[in-house]
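Reproduced below: work18.tsv, with TSV, C-alpha atoms.
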```tsv
chain	number	residue	atom	x	y	z
A	1	MET	CA	80.20	-65.10	-45.92
A	2	GLY	CA	82.58	-62.71	-44.20
A	3	PRO	CA	83.19	-60.97	-40.87
A	4	ALA	CA	80.69	-58.22	-39.96
A	5	GLY	CA	81.74	-57.48	-36.40
A	6	PHE	CA	82.21	-58.96	-32.96
A	7	GLY	CA	79.75	-59.35	-30.09
A	8	ALA	CA	79.63	-60.95	-26.68
A	9	ALA	CA	78.77	-64.29	-28.27
A	10	GLY	CA	81.75	-64.15	-30.64
A	11	ALA	CA	82.33	-63.24	-34.28
A	12	VAL	CA	79.38	-61.88	-36.26
A	13	LEU	CA	79.40	-63.00	-39.91
A	14	ALA	CA	77.73	-61.41	-42.93
A	15	VAL	CA	75.70	-64.06	-44.81
A	16	ARG	CA	73.05	-64.27	-47.54
A	17	ASP	CA	70.10	-66.60	-47.82
A	18	GLU	CA	69.07	-68.56	-50.92
A	19	ARG	CA	67.30	-65.48	-52.31
A	20	GLY	CA	70.39	-63.32	-51.86
A	21	GLU	CA	68.93	-61.39	-48.88
A	22	PRO	CA	71.61	-60.16	-46.43
A	23	TRP	CA	71.63	-61.36	-42.82
A	24	VAL	CA	74.20	-61.76	-40.06
A	25	ALA	CA	75.07	-64.98	-38.26
A	26	THR	CA	76.67	-65.80	-34.94
A	27	ILE	CA	78.14	-69.24	-34.24
A	28	VAL	CA	77.44	-70.48	-30.71
A	29	PRO	CA	77.93	-73.83	-28.94
A	30	GLU	CA	74.89	-76.03	-28.68
A	31	ASP	CA	74.57	-75.53	-24.93
A	32	GLU	CA	72.22	-73.84	-22.45
A	33	ARG	CA	72.18	-70.71	-24.62
A	34	ILE	CA	70.00	-72.46	-27.17
A	35	GLU	CA	66.94	-72.18	-24.95
A	36	ARG	CA	67.61	-68.45	-24.56
A	37	ILE	CA	67.89	-68.09	-28.31
A	38	ARG	CA	64.62	-69.96	-28.85
A	39	ARG	CA	62.85	-67.51	-26.57
A	40	LEU	CA	64.49	-64.61	-28.37
A	41	ALA	CA	63.31	-66.04	-31.69
A	42	GLU	CA	59.71	-65.74	-30.49
A	43	LEU	CA	60.11	-61.97	-30.16
A	44	ARG	CA	59.05	-59.65	-32.95
A	45	HIS	CA	59.97	-56.20	-31.72
A	46	ALA	CA	60.69	-53.04	-33.71
A	47	HIS	CA	63.77	-52.25	-31.61
A	48	LEU	CA	65.32	-55.71	-31.41
A	49	PRO	CA	66.96	-57.58	-34.30
A	50	GLU	CA	64.80	-60.40	-35.62
A	51	ILE	CA	66.19	-63.91	-35.31
A	52	HIS	CA	65.54	-65.54	-38.66
A	53	GLN	CA	66.56	-69.15	-38.04
A	54	MET	CA	68.98	-71.49	-36.27
A	55	VAL	CA	71.10	-73.82	-38.39
A	56	LYS	CA	72.78	-76.83	-36.77
A	57	LEU	CA	76.43	-77.21	-37.74
A	58	THR	CA	79.01	-79.94	-37.15
A	59	GLY	CA	81.02	-80.06	-33.97
A	60	GLY	CA	78.13	-79.26	-31.62
A	61	ARG	CA	77.70	-75.72	-32.96
A	62	VAL	CA	74.69	-73.70	-34.13
A	63	ALA	CA	74.56	-70.73	-36.51
A	64	VAL	CA	72.03	-68.14	-35.38
A	65	VAL	CA	70.91	-66.10	-38.39
A	66	MET	CA	69.61	-62.63	-37.53
A	67	GLU	CA	68.40	-59.42	-39.12
A	68	LEU	CA	71.16	-57.21	-40.51
A	69	VAL	CA	70.75	-53.75	-38.98
A	70	VAL	CA	72.66	-51.18	-41.02
A	71	GLY	CA	73.62	-48.03	-39.15
A	72	PRO	CA	76.12	-46.53	-36.72
A	73	ALA	CA	76.35	-47.43	-33.07
A	74	LEU	CA	75.24	-44.74	-30.65
A	75	ALA	CA	78.85	-44.50	-29.46
A	76	THR	CA	80.08	-43.78	-32.99
A	77	LEU	CA	77.28	-41.29	-33.63
A	78	VAL	CA	77.97	-39.20	-30.52
A	79	ASN	CA	81.73	-39.27	-31.14
A	80	SER	CA	81.16	-38.11	-34.72
A	81	ARG	CA	79.04	-35.01	-34.01
A	82	SER	CA	78.07	-34.01	-30.46
A	83	SER	CA	75.80	-35.03	-27.63
A	84	LEU	CA	72.18	-35.86	-28.44
A	85	GLY	CA	69.51	-33.24	-27.92
A	86	ALA	CA	66.64	-33.87	-25.53
A	87	GLY	CA	64.27	-34.96	-28.30
A	88	GLU	CA	66.82	-37.42	-29.69
A	89	VAL	CA	67.40	-38.83	-26.21
A	90	VAL	CA	63.64	-39.38	-25.90
A	91	THR	CA	63.63	-41.37	-29.14
A	92	VAL	CA	66.50	-43.64	-28.06
A	93	TRP	CA	65.17	-43.91	-24.49
A	94	ARG	CA	61.69	-45.10	-25.39
A	95	ALA	CA	62.97	-47.56	-28.00
A	96	ALA	CA	65.69	-49.16	-25.89
A	97	ALA	CA	63.64	-49.28	-22.67
A	98	ASP	CA	60.72	-50.85	-24.50
A	99	ALA	CA	63.08	-53.42	-26.03
A	100	LEU	CA	64.42	-54.25	-22.56
A	101	ALA	CA	60.86	-54.56	-21.25
A	102	ALA	CA	60.13	-57.10	-23.98
A	103	LEU	CA	63.23	-59.11	-23.01
A	104	HIS	CA	62.53	-58.94	-19.28
A	105	GLY	CA	58.92	-59.95	-19.86
A	106	ARG	CA	60.24	-63.27	-21.15
A	107	GLY	CA	62.68	-63.75	-18.32
A	108	LEU	CA	65.68	-62.64	-20.39
A	109	VAL	CA	68.45	-60.24	-19.36
A	110	HIS	CA	70.57	-58.35	-21.90
A	111	GLY	CA	73.60	-57.92	-19.66
A	112	ASP	CA	75.56	-55.42	-21.78
A	113	VAL	CA	73.50	-52.31	-22.53
A	114	SER	CA	75.89	-49.58	-23.65
A	115	PRO	CA	76.36	-47.01	-26.45
A	116	ALA	CA	78.21	-49.70	-28.44
A	117	ASN	CA	75.14	-51.95	-28.45
A	118	ILE	CA	72.49	-49.51	-29.63
A	119	LEU	CA	72.47	-49.01	-33.39
A	120	ILE	CA	70.67	-46.22	-35.22
A	121	GLY	CA	69.19	-48.08	-38.16
A	122	PRO	CA	67.49	-46.89	-41.35
A	123	GLY	CA	64.94	-44.15	-40.76
A	124	GLY	CA	66.58	-43.34	-37.41
A	125	ARG	CA	65.26	-46.54	-35.78
A	126	PRO	CA	67.20	-47.36	-32.59
A	127	VAL	CA	67.90	-51.09	-32.27
A	128	LEU	CA	69.31	-52.83	-29.19
A	129	ILE	CA	71.77	-55.40	-30.51
A	130	ASP	CA	74.03	-58.16	-29.10
A	131	VAL	CA	70.92	-59.82	-27.71
A	132	ILE	CA	72.28	-63.36	-27.95
A	133	GLY	CA	75.33	-62.30	-25.99
A	134	HIS	CA	75.96	-63.75	-22.60
A	135	GLY	CA	72.66	-63.26	-20.84
A	136	GLY	CA	74.38	-61.86	-17.79
A	137	ALA	CA	77.40	-64.17	-17.70
A	138	GLU	CA	79.78	-61.31	-18.52
A	139	ARG	CA	80.31	-57.93	-16.88
A	140	GLY	CA	79.49	-55.64	-19.81
A	141	HIS	CA	81.24	-52.51	-21.08
A	142	THR	CA	83.35	-50.55	-18.59
A	143	GLY	CA	81.50	-47.44	-17.45
A	144	TYR	CA	78.06	-49.01	-17.93
A	145	VAL	CA	78.23	-51.71	-15.26
A	146	PRO	CA	76.12	-51.02	-12.15
A	147	PRO	CA	77.76	-51.22	-8.72
A	148	GLU	CA	76.09	-54.45	-7.59
A	149	LEU	CA	77.72	-56.47	-10.38
A	150	ASP	CA	80.84	-56.64	-8.26
A	151	ASP	CA	78.92	-59.29	-6.34
A	152	GLY	CA	76.90	-61.18	-8.92
A	153	PRO	CA	75.56	-61.65	-12.46
A	154	ALA	CA	73.54	-59.15	-14.46
A	155	THR	CA	69.85	-58.74	-13.72
A	156	ALA	CA	66.90	-56.81	-15.12
A	157	PRO	CA	67.56	-53.88	-12.72
A	158	ALA	CA	71.18	-53.90	-13.91
A	159	ASP	CA	69.98	-53.49	-17.50
A	160	VAL	CA	67.92	-50.46	-16.45
A	161	TRP	CA	70.93	-48.89	-14.72
A	162	SER	CA	73.10	-49.45	-17.79
A	163	LEU	CA	70.49	-47.87	-20.07
A	164	GLY	CA	70.13	-44.89	-17.75
A	165	ARG	CA	73.89	-44.38	-17.79
A	166	THR	CA	73.95	-44.76	-21.58
A	167	LEU	CA	71.28	-42.08	-22.02
A	168	ALA	CA	73.07	-39.71	-19.66
A	169	TRP	CA	76.36	-40.19	-21.51
A	170	ALA	CA	74.72	-39.68	-24.90
A	171	SER	CA	73.30	-36.35	-23.66
A	172	GLY	CA	76.66	-35.15	-22.37
A	173	ASP	CA	75.35	-35.63	-18.82
A	174	ASP	CA	72.74	-32.96	-19.45
A	175	PRO	CA	71.23	-32.04	-16.03
A	176	ALA	CA	67.72	-32.35	-17.45
A	177	VAL	CA	68.40	-35.90	-18.64
A	178	LEU	CA	70.08	-36.88	-15.37
A	179	SER	CA	67.08	-35.54	-13.48
A	180	ALA	CA	64.59	-37.39	-15.67
A	181	VAL	CA	66.56	-40.64	-15.47
A	182	GLY	CA	66.38	-40.26	-11.69
A	183	SER	CA	66.42	-43.45	-9.64
A	184	ALA	CA	67.28	-45.63	-12.64
A	185	LEU	CA	70.85	-44.84	-11.52
A	186	ALA	CA	70.23	-45.66	-7.86
A	187	ASP	CA	72.95	-47.77	-6.27
A	188	ASP	CA	70.39	-50.14	-4.76
A	189	PRO	CA	68.71	-52.24	-7.49
A	190	ARG	CA	65.50	-52.30	-5.45
A	191	ASP	CA	65.12	-48.55	-5.95
A	192	ARG	CA	65.21	-48.69	-9.76
A	193	PRO	CA	62.11	-48.74	-11.97
A	194	THR	CA	61.25	-51.68	-14.16
A	195	ALA	CA	62.14	-51.33	-17.83
A	196	ARG	CA	58.43	-51.03	-18.66
A	197	ASP	CA	57.98	-48.15	-16.22
A	198	PHE	CA	61.27	-46.57	-17.31
A	199	ALA	CA	60.05	-46.47	-20.91
A	200	THR	CA	57.15	-44.22	-19.85
A	201	TRP	CA	59.47	-41.75	-18.13
A	202	ALA	CA	60.95	-40.52	-21.41
A	203	PHE	CA	58.04	-38.19	-22.13
A	204	LEU	CA	59.23	-35.98	-19.28
A	205	LEU	CA	61.90	-34.58	-21.58
A	206	GLY	CA	59.22	-33.58	-24.08
A	207	ARG	CA	58.52	-34.88	-27.57
A	208	GLY	CA	60.78	-37.31	-29.36
A	209	ALA	CA	62.80	-36.07	-32.32
A	210	PRO	CA	64.55	-37.91	-35.18
A	211	VAL	CA	68.15	-38.81	-34.44
A	212	GLU	CA	70.30	-36.73	-36.77
A	213	LEU	CA	73.07	-38.61	-38.57
A	214	PRO	CA	76.16	-36.81	-39.90
A	215	SER	CA	77.65	-37.54	-43.29
A	216	ALA	CA	79.06	-40.98	-44.09
A	217	PRO	CA	82.70	-39.73	-44.16
A	218	THR	CA	82.26	-38.15	-40.73
A	219	LEU	CA	80.83	-41.38	-39.33
A	220	ALA	CA	83.66	-43.38	-40.90
A	221	GLY	CA	86.24	-41.11	-39.30
A	222	ALA	CA	84.60	-41.51	-35.91
A	223	GLN	CA	84.62	-45.28	-36.34
A	224	LEU	CA	88.34	-45.26	-37.11
A	225	ARG	CA	89.07	-43.09	-34.07
A	226	ALA	CA	87.06	-45.43	-31.89
A	227	ALA	CA	89.01	-48.43	-33.20
A	228	SER	CA	92.40	-46.78	-32.64
A	229	ALA	CA	91.89	-45.66	-29.05
A	230	PRO	CA	89.73	-46.77	-26.17
A	231	THR	CA	86.88	-44.55	-25.07
A	232	VAL	CA	87.58	-42.82	-21.76
A	233	LEU	CA	84.44	-42.07	-19.80
A	234	ALA	CA	84.16	-39.06	-17.53
A	235	PRO	CA	83.25	-39.86	-13.92
A	236	HIS	CA	79.50	-40.00	-13.55
A	237	ARG	CA	77.26	-38.81	-10.76
A	238	ARG	CA	75.63	-41.61	-8.82
A	239	VAL	CA	72.23	-41.47	-7.23
A	240	THR	CA	72.96	-42.58	-3.68
A	241	THR	CA	69.58	-41.93	-2.10
A	242	ARG	CA	67.05	-44.75	-2.01
A	243	VAL	CA	64.47	-43.28	-4.35
A	244	VAL	CA	61.68	-44.62	-6.52
A	245	ALA	CA	61.21	-41.71	-8.93
A	246	VAL	CA	58.52	-41.01	-11.48
A	247	ALA	CA	59.78	-39.22	-14.55
A	248	GLY	CA	58.55	-35.66	-14.72
A	249	VAL	CA	57.58	-35.77	-11.07
A	250	ALA	CA	60.97	-36.32	-9.50
A	251	VAL	CA	62.70	-33.03	-10.19
A	252	LEU	CA	61.86	-29.58	-11.46
A	253	VAL	CA	63.80	-28.71	-14.60
A	254	ALA	CA	62.81	-26.61	-17.56
A	255	ALA	CA	63.97	-29.09	-20.18
A	256	ALA	CA	61.81	-31.77	-18.63
A	257	VAL	CA	58.40	-31.27	-17.04
A	258	MET	CA	58.02	-28.54	-14.43
A	259	ALA	CA	57.26	-30.40	-11.19
A	260	LEU	CA	56.09	-27.85	-8.61
A	261	ALA	CA	53.43	-27.65	-5.95
A	262	SER	CA	51.85	-25.57	-3.22
A	263	PRO	CA	54.14	-23.87	-0.66
A	264	VAL	CA	54.67	-25.26	2.78
A	265	ALA	CA	53.81	-23.29	5.87
A	266	GLY	CA	56.60	-20.92	6.80
A	267	ALA	CA	57.80	-20.39	3.23
A	268	ARG	CA	56.43	-16.83	3.37
A	269	ASP	CA	58.49	-14.08	4.98
A	270	ALA	CA	57.39	-13.33	8.56
A	271	SER	CA	56.79	-9.69	7.59
A	272	ALA	CA	54.51	-10.62	4.69
A	273	PRO	CA	51.04	-9.11	4.51
A	274	PRO	CA	47.95	-11.25	5.10
A	275	THR	CA	46.97	-13.78	2.45
A	276	PRO	CA	46.66	-11.80	-0.79
A	277	ARG	CA	43.60	-11.45	-2.93
A	278	GLY	CA	44.23	-14.40	-5.19
A	279	LEU	CA	46.64	-13.86	-8.06
A	280	GLU	CA	45.30	-10.39	-8.76
A	281	GLY	CA	46.11	-7.17	-6.98
A	282	TRP	CA	49.90	-7.25	-7.25
A	283	SER	CA	51.61	-5.12	-9.88
A	284	THR	CA	55.18	-5.16	-8.60
A	285	LEU	CA	55.75	-8.23	-6.47
A	286	THR	CA	57.83	-8.36	-3.32
A	287	GLU	CA	59.45	-11.59	-2.26
A	288	ALA	CA	56.72	-12.06	0.33
A	289	SER	CA	53.84	-11.50	-2.09
A	290	ALA	CA	55.63	-13.52	-4.80
A	291	ALA	CA	55.71	-16.52	-2.44
A	292	GLU	CA	51.93	-16.32	-2.19
A	293	VAL	CA	51.38	-15.84	-5.91
A	294	VAL	CA	53.82	-18.59	-6.96
A	295	GLY	CA	52.34	-20.94	-4.38
A	296	GLN	CA	48.83	-20.46	-5.74
A	297	LEU	CA	49.96	-20.89	-9.34
A	298	LEU	CA	51.75	-24.10	-8.49
A	299	GLU	CA	48.82	-25.39	-6.50
A	300	ARG	CA	46.64	-24.89	-9.58
A	301	ARG	CA	49.20	-26.67	-11.72
A	302	ASP	CA	49.41	-29.64	-9.35
A	303	GLN	CA	45.65	-29.93	-9.24
A	304	ALA	CA	45.54	-29.91	-13.05
A	305	LEU	CA	47.93	-32.90	-13.06
A	306	ALA	CA	46.01	-34.71	-10.35
A	307	ASP	CA	42.76	-34.16	-12.27
A	308	ARG	CA	44.46	-34.80	-15.64
A	309	ASP	CA	42.78	-31.59	-16.81
A	310	ALA	CA	44.85	-29.81	-19.47
A	311	ALA	CA	42.30	-26.96	-19.73
A	312	ALA	CA	43.01	-26.02	-16.11
A	313	LEU	CA	46.51	-24.98	-17.18
A	314	ASP	CA	44.94	-21.79	-18.57
A	315	GLY	CA	45.16	-20.41	-15.05
A	316	VAL	CA	48.82	-21.34	-14.67
A	317	TYR	CA	50.79	-20.45	-17.80
A	318	VAL	CA	51.04	-17.69	-20.34
A	319	THR	CA	49.52	-18.96	-23.59
A	320	GLY	CA	51.86	-20.89	-25.87
A	321	VAL	CA	54.88	-21.30	-23.58
A	322	ALA	CA	56.96	-24.46	-23.80
A	323	ASP	CA	56.40	-25.51	-20.19
A	324	ARG	CA	52.65	-25.53	-20.73
A	325	THR	CA	53.07	-27.67	-23.86
A	326	ARG	CA	55.14	-30.18	-21.89
A	327	ASP	CA	52.51	-30.38	-19.17
A	328	GLU	CA	49.81	-30.89	-21.79
A	329	ASP	CA	51.88	-33.71	-23.29
A	330	LEU	CA	52.29	-35.22	-19.83
A	331	ILE	CA	48.56	-35.11	-19.15
A	332	ARG	CA	47.80	-36.72	-22.53
A	333	GLU	CA	50.31	-39.46	-21.73
A	334	MET	CA	48.77	-39.96	-18.30
A	335	VAL	CA	45.33	-40.34	-19.82
A	336	ALA	CA	46.60	-42.69	-22.55
A	337	THR	CA	48.41	-44.96	-20.05
A	338	ASP	CA	45.86	-44.56	-17.22
A	339	LEU	CA	48.56	-43.11	-14.99
A	340	VAL	CA	47.28	-41.33	-11.86
A	341	PHE	CA	49.07	-39.26	-9.20
A	342	GLU	CA	47.61	-39.23	-5.70
A	343	GLY	CA	48.79	-36.69	-3.13
A	344	TYR	CA	51.20	-35.20	-5.66
A	345	GLY	CA	52.81	-31.89	-4.71
A	346	THR	CA	56.04	-30.02	-4.13
A	347	ALA	CA	57.15	-27.90	-1.18
A	348	ILE	CA	58.75	-24.51	-1.70
A	349	GLU	CA	61.56	-24.49	0.84
A	350	GLN	CA	63.01	-21.12	-0.10
A	351	LEU	CA	62.17	-18.22	-2.44
A	352	SER	CA	64.26	-15.21	-3.39
A	353	ALA	CA	63.99	-12.52	-6.04
A	354	VAL	CA	66.38	-12.66	-8.99
A	355	ALA	CA	64.90	-9.76	-10.98
A	356	ARG	CA	61.75	-7.68	-10.80
A	357	SER	CA	59.98	-4.80	-12.51
A	358	ARG	CA	56.41	-3.70	-12.94
A	359	GLY	CA	54.55	-6.59	-14.54
A	360	THR	CA	57.44	-9.14	-14.35
A	361	PHE	CA	59.19	-11.06	-11.61
A	362	THR	CA	61.80	-13.81	-11.59
A	363	ALA	CA	61.77	-16.00	-8.49
A	364	ARG	CA	64.49	-18.44	-7.51
A	365	LEU	CA	62.97	-21.41	-5.71
A	366	GLU	CA	64.30	-24.35	-3.74
A	367	VAL	CA	61.63	-26.99	-4.26
A	368	ARG	CA	61.25	-30.52	-3.00
A	369	GLN	CA	58.77	-33.02	-4.34
A	370	LEU	CA	56.57	-34.45	-1.62
A	371	ALA	CA	55.82	-38.12	-1.09
A	372	HIS	CA	52.86	-39.34	-3.12
A	373	ARG	CA	51.38	-42.39	-4.80
A	374	ARG	CA	51.58	-43.33	-8.44
A	375	ILE	CA	48.96	-45.69	-9.84
A	376	LEU	CA	49.60	-47.26	-13.24
A	377	GLY	CA	47.45	-50.07	-14.56
A	378	GLY	CA	46.16	-50.86	-11.08
A	379	GLU	CA	49.69	-51.10	-9.63
A	380	ILE	CA	50.31	-48.72	-6.71
A	381	VAL	CA	53.82	-47.40	-6.10
A	382	GLU	CA	54.65	-45.30	-3.05
A	383	ILE	CA	56.98	-42.46	-4.07
A	384	PRO	CA	59.07	-41.06	-1.21
A	385	ALA	CA	59.90	-37.37	-0.84
A	386	GLN	CA	62.80	-36.18	-2.98
A	387	ARG	CA	65.74	-33.88	-2.37
A	388	ALA	CA	65.37	-30.13	-2.95
A	389	HIS	CA	66.38	-28.62	-6.30
A	390	CYS	CA	66.79	-25.06	-7.52
A	391	VAL	CA	64.78	-23.48	-10.36
A	392	ASP	CA	64.16	-19.98	-11.66
A	393	VAL	CA	60.53	-19.13	-12.47
A	394	ASP	CA	59.64	-16.14	-14.65
A	395	LEU	CA	56.25	-14.59	-13.82
A	396	THR	CA	54.36	-12.21	-16.10
A	397	GLU	CA	51.34	-10.07	-15.31
A	398	ASP	CA	48.79	-11.53	-17.72
A	399	GLY	CA	45.50	-9.65	-17.82
A	400	PRO	CA	44.16	-9.28	-14.29
A	401	GLY	CA	46.59	-11.75	-12.72
A	402	TRP	CA	49.97	-13.47	-12.88
A	403	ARG	CA	51.02	-16.44	-14.99
A	404	ILE	CA	54.20	-18.48	-15.44
A	405	ALA	CA	56.20	-17.59	-18.54
A	406	GLU	CA	59.19	-19.91	-18.14
A	407	VAL	CA	60.84	-22.36	-15.75
A	408	ARG	CA	64.53	-23.25	-15.99
A	409	THR	CA	67.24	-24.88	-13.95
A	410	CYS	CA	69.19	-22.40	-11.80
A	411	ARG	CA	72.50	-21.38	-13.23
A	412	THR	CA	75.31	-20.46	-10.91
A	413	PRO	CA	77.74	-17.72	-12.02
```
As C-alpha cells, the full file:
Amino acid sequence: MGPAGFGAAGAVLAVRDERGEPWVATIVPEDERIERIRRLAELRHAHLPEIHQMVKLTGGRVAVVMELVVGPALATLVNSRSSLGAGEVVTVWRAAADALAALHGRGLVHGDVSPANILIGPGGRPVLIDVIGHGGAERGHTGYVPPELDDGPATAPADVWSLGRTLAWASGDDPAVLSAVGSALADDPRDRPTARDFATWAFLLGRGAPVELPSAPTLAGAQLRAASAPTVLAPHRRVTTRVVAVAGVAVLVAAAVMALASPVAGARDASAPPTPRGLEGWSTLTEASAAEVVGQLLERRDQALADRDAAALDGVYVTGVADRTRDEDLIREMVATDLVFEGYGTAIEQLSAVARSRGTFTARLEVRQLAHRRILGGEIVEIPAQRAHCVDVDLTEDGPGWRIAEVRTCRTP
C-alpha cells in the first residue's frame, strides 16, 4: 500500500487485492457519507470508477476500494500539448455529462467537476473521478465554481455549469464550443440544462474523435509543471441572459451545426425586385436578390430539420460539404433520441455582401434563432429567442440553382 494521490475525501492509496489486482482506496469516517458511497457502489458506468468494496477499519473508519484508472488528468493533458479539437471535446463532453446524469439520477451531486477530476484512461476513455468527494460540501476548484455557490452548497445545475466551463477551457475557449455549451454557463441555475439533456448537445460539434495523448515524457513534464505552480485561468465569458438553449439550435457556427432559418419581413432591401423565381434565375447575385435566395435555402434547411428528412438537404447544400454532413448527423441523432423541433427557425436581421462573382457569392448574415419548442421523450421545453450572431455563408451556383458551400463564424480584421 502506498500513496496514489489526493482527492476531496483525503489521501488516495494504491492497494492490491488477494489476487494481486491493483486498486485504489480512500479512507473516510463512518458517517453520513457511507450512504452516499453505498449508492455510488450500485453504479456500473463506463465513465465512472467502479467501487469494488467497503472495508470497515478500527477507529470508526472505512476503506473504500475503487477501480484504478491509469491515465493523465484532462488538466495535465491540455497543459502538455494544446487545446482539444472539436472532436476530442465531443468525446469528453458526452462521457462526462452522461456520468453526471447517472449520478444525478440517483440523487447524487459531484460537487467538483474540473479538468483535474477528469482522467483520460486506457483507450482514451474519459473517467470522472473523485466521486466519493464531498458531495457538495466543498466549493470545488477555483475557476470552475458557478456564481450561485457563493450562497449555498453544490447542486446538479452547479455540476453542469462546472462541466461546461471545463469543456470551454479544454478547447481554449473556442467560440464554437462556447456557442454549443450555451446556457449551461447561464448565471441562473434554472436556465441550465439537465446533465442528461446536456449530454445530447455534444453532437452539435460534429463527430467524436479519440483524445490524442502525447508521449509519456511530455506528460510527465506537464505534471511536474502543474505541481510546481498553480494554474492561472483566463477570465471566462459568462452567459448572462436567461436562456434554455438546445445544442446545435442555439447559435450558428460552422464548427457546430449551422442553425439558420427563413428571413423575417423587412430583411430585403427596399429597392429589391419582386420575389424572385425560386433559387434559379440569378447568375450574379446582388445583396437584395441574395437575401431572397439565402432565405429560401435556409427555409428548406429548417424544414428538413423539422421533418427530420436528411434527403431534403439535397436542395440546400452542395454535395459532400461538411455542413451538410453535420446536419445529417444531427437528423440521425434526432431520430435515434426521438427529438423533435416545433416552430424552429432563425431570423435574418441583416445581410451584406462580402465577396461576389459570377456563380459565387459570400453573404455576411446577422441571424437570431427564434423561439420554438423542443420535445424529447415526451418532455416539452419552451426555447426562448436567442441573441443575434454573425456568420459568413458561401453560396455556389449548382446546376440550375444556388446551394450552400460553407458556413463559418464571422472573422473581424
Residue neighbourhood stretch 50-56 of chain A, 6 Å, only C-alpha atoms, exclusion window fewer than 4 positions, as a list of chain:residue names
A:Ala41, A:Val62, A:Ala63, A:Val64, A:Val65, A:Met66, A:Glu67
I want to know what sits within 9 Å of A:Val131, based on only C-alpha atoms, with residues of the same chain fewer than 4 positions away left out; could you give that as an MDAnalysis selection string?
chainID A and resid 8 37 40 48:49 109:112 117 135
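In this comparison, which uses all atoms listed in the file, the residue of A:Ile129, A:Ile27, A:Val391, A:Ala199 approaching A:Pro72 most closely is A:Ile129.
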Non-local contacts of A:Cys410 (8 Å; only C-alpha atoms; under 3 positions in same chain excluded) as a PyMOL selection string
chain A and resi 364+390-392
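Nearest to A:Asp314 of all the residues A:Val160, A:Ala176, A:Leu297, A:Ile331 is A:Leu297, counting all atoms listed in the file.
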